[in-house]
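Student: Take a look at model_17.csv, CSV, C-alpha atoms:
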```csv
chain,number,residue,atom,x,y,z
I,4,PRO,CA,5.5,6.6,0.2
I,5,ASP,CA,2.2,8.4,0.6
I,6,ALA,CA,2.2,11.3,3.1
I,7,ALA,CA,-1.6,11.0,3.7
I,8,LEU,CA,-1.4,7.2,4.5
I,9,ASP,CA,1.7,7.8,6.7
I,10,SER,CA,-0.2,10.5,8.6
I,11,HIS,CA,-3.3,8.3,9.0
I,12,CYS,CA,-1.3,5.3,10.1
I,13,ALA,CA,0.6,7.4,12.7
I,14,GLU,CA,-2.7,8.8,14.0
I,15,HIS,CA,-4.2,5.4,14.4
I,16,CYS,CA,-1.1,3.5,15.5
I,17,LEU,CA,-0.8,1.5,12.3
I,18,ASP,CA,2.2,0.4,10.4
I,19,ALA,CA,2.1,2.1,7.0
I,20,ARG,CA,4.2,-0.7,5.4
I,21,GLU,CA,1.7,-3.3,6.6
I,22,CYS,CA,-1.2,-1.1,5.4
I,23,TYR,CA,0.3,-1.0,1.9
I,24,TRP,CA,0.6,-4.8,1.7
I,25,THR,CA,-2.2,-6.2,3.9
I,26,GLY,CA,-4.6,-3.4,4.9
I,27,GLY,CA,-7.3,-1.5,3.3
I,28,GLU,CA,-10.2,-2.5,1.2
I,29,ASP,CA,-10.1,-5.3,-1.4
I,30,TYR,CA,-11.0,-3.0,-4.2
I,31,GLU,CA,-7.5,-1.7,-4.5
I,32,LEU,CA,-5.3,-3.2,-7.1
I,33,LEU,CA,-1.7,-4.1,-7.1
I,34,VAL,CA,-0.2,-3.9,-10.6
I,35,ALA,CA,3.2,-4.1,-12.3
I,36,ILE,CA,4.0,-1.2,-14.6
I,37,ALA,CA,7.2,-0.6,-16.5
I,38,PRO,CA,9.1,2.3,-14.9
I,39,GLU,CA,9.1,4.3,-18.2
I,40,SER,CA,5.2,4.0,-18.2
I,41,LEU,CA,4.6,5.0,-14.6
I,42,SER,CA,4.1,8.8,-15.1
I,43,VAL,CA,1.8,8.1,-18.1
I,44,ALA,CA,-0.3,5.7,-16.0
I,45,ARG,CA,-0.4,8.1,-13.0
I,46,ASP,CA,-1.6,10.9,-15.3
I,47,MET,CA,-4.2,8.8,-16.9
I,48,LEU,CA,-5.7,7.5,-13.6
I,49,ALA,CA,-5.7,11.0,-12.2
I,50,ARG,CA,-7.4,12.5,-15.3
I,51,GLU,CA,-9.9,9.7,-16.1
I,52,PHE,CA,-10.8,8.4,-12.6
I,53,HIS,CA,-9.4,10.9,-10.1
I,54,LEU,CA,-7.4,8.1,-8.5
I,55,PRO,CA,-3.8,8.2,-7.3
I,56,LEU,CA,-1.2,5.5,-8.3
I,57,HIS,CA,1.5,4.7,-5.7
I,58,ALA,CA,4.8,3.1,-6.5
I,59,LEU,CA,5.5,0.5,-3.8
I,60,GLY,CA,8.7,-1.1,-5.1
I,61,GLU,CA,10.3,-2.5,-8.2
I,62,PHE,CA,11.1,-5.9,-9.8
I,63,THR,CA,14.8,-6.8,-9.6
I,64,GLU,CA,16.9,-9.9,-10.6
I,65,ALA,CA,16.4,-12.3,-7.8
I,66,SER,CA,15.7,-16.0,-7.0
I,67,ALA,CA,12.2,-17.3,-7.5
I,68,GLY,CA,9.4,-15.9,-5.3
I,69,LEU,CA,8.4,-12.6,-3.8
I,70,ARG,CA,10.7,-10.8,-1.3
I,71,ILE,CA,9.5,-7.8,0.7
I,72,GLU,CA,12.4,-6.1,2.5
I,73,GLY,CA,12.1,-5.3,6.1
I,74,PRO,CA,10.5,-7.2,9.1
I,75,ALA,CA,8.1,-10.0,8.3
I,76,LEU,CA,4.5,-8.9,7.8
I,77,GLN,CA,1.5,-10.6,9.4
I,78,THR,CA,-0.5,-12.4,6.7
I,79,GLN,CA,-4.0,-11.3,7.8
I,80,GLY,CA,-6.5,-8.8,6.8
I,81,PHE,CA,-7.7,-5.8,8.8
I,82,ASP,CA,-9.5,-6.7,12.0
I,83,HIS,CA,-11.9,-3.9,12.9
I,84,PHE,CA,-12.3,-5.0,16.5
I,85,THR,CA,-8.6,-5.2,17.5
I,86,GLN,CA,-6.7,-2.8,15.3
I,87,GLY,CA,-5.1,0.0,17.4
I,88,GLU,CA,-6.1,-1.5,20.8
I,89,ASN,CA,-2.4,-1.5,21.9
I,90,CYS,CA,-1.6,1.9,20.7
I,91,PRO,CA,1.0,3.5,22.9
I,92,LEU,CA,-0.1,7.1,22.1
```
Could I get this file's structure written as structure tokens?

Tutor:
Amino acid sequence: PDAALDSHCAEHCLDARECYWTGGEDYELLVAIAPESLSVARDMLAREFHLPLHALGEFTEASAGLRIEGPALQTQGFDHFTQGENCPL
């Protein structure tokens, strides 16, 4: 979890979970890193590039395919013209 993203999403009536998986710009990368290497990777990215690294989940023993726990996500990118129109706040 990222407090800044959670705050931004709440302010703009967005679902943080959807933003992690489908929102944002295409220049962000989704990578798999061994748990024992996570802190080293975080430190390196912060030191060398001033970038954060967020843990989104973990690989577990499972059947073939990708499973994201929780409600189904829409498989679409960000729509600048409709996002937030139905905000109840």

Student: Could you pull the residues within 9 Å of segment 31-36 of chain I, counting all atoms listed in the file, minus those fewer than 4 positions along the same chain, as a VMD selection string?

Tutor: chain I and resid 27 40 to 41 44 61 to 62

Student: Could you tell me how far atom CA of Glu21 of chain I sits from atom CA of Gly73 of chain I, in Å to one decimal place?

Tutor: 10.6 Å

Student: Between atom CA of Ala13 of chain I and atom CA of Pro38 of chain I, what is the spacing in Å?

Tutor: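 According to the coordinates, atom CA of Pro38 of chain I and atom CA of Ala13 of chain I are separated by 29.3 Å.
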
Student: For each of I:Pro74, I:Ala58, I:Ala49, I:Asp18, take the minimum atom-to-atom distance to Asp5 of chain I, counting only C-alpha atoms, then give the residue where this is smallest.

Tutor: I:Ala58

Student: Could you jot down the atom CA of Asp9 of chain I to atom CA of Tyr23 of chain I separation for me, Å, one decimal place?

Tutor: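 Atom-to-atom, atom CA of Asp9 of chain I to atom CA of Tyr23 of chain I, that is 10.1 Å.
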
Student: So which residues touch Ser10 of chain I within 10 Å, counting all atoms listed in the file, skipping near sequence neighbours fewer than 6 positions away, as a PDB file with C-alpha atoms, keeping the file's coordinate frame?

Tutor:
```
ATOM      1  CA  CYS I  16      -1.100   3.500  15.500  1.00  0.00           C
ATOM      2  CA  LEU I  17      -0.800   1.500  12.300  1.00  0.00           C
ATOM      3  CA  ALA I  19       2.100   2.100   7.000  1.00  0.00           C
TER       4      ALA I  19
END
```
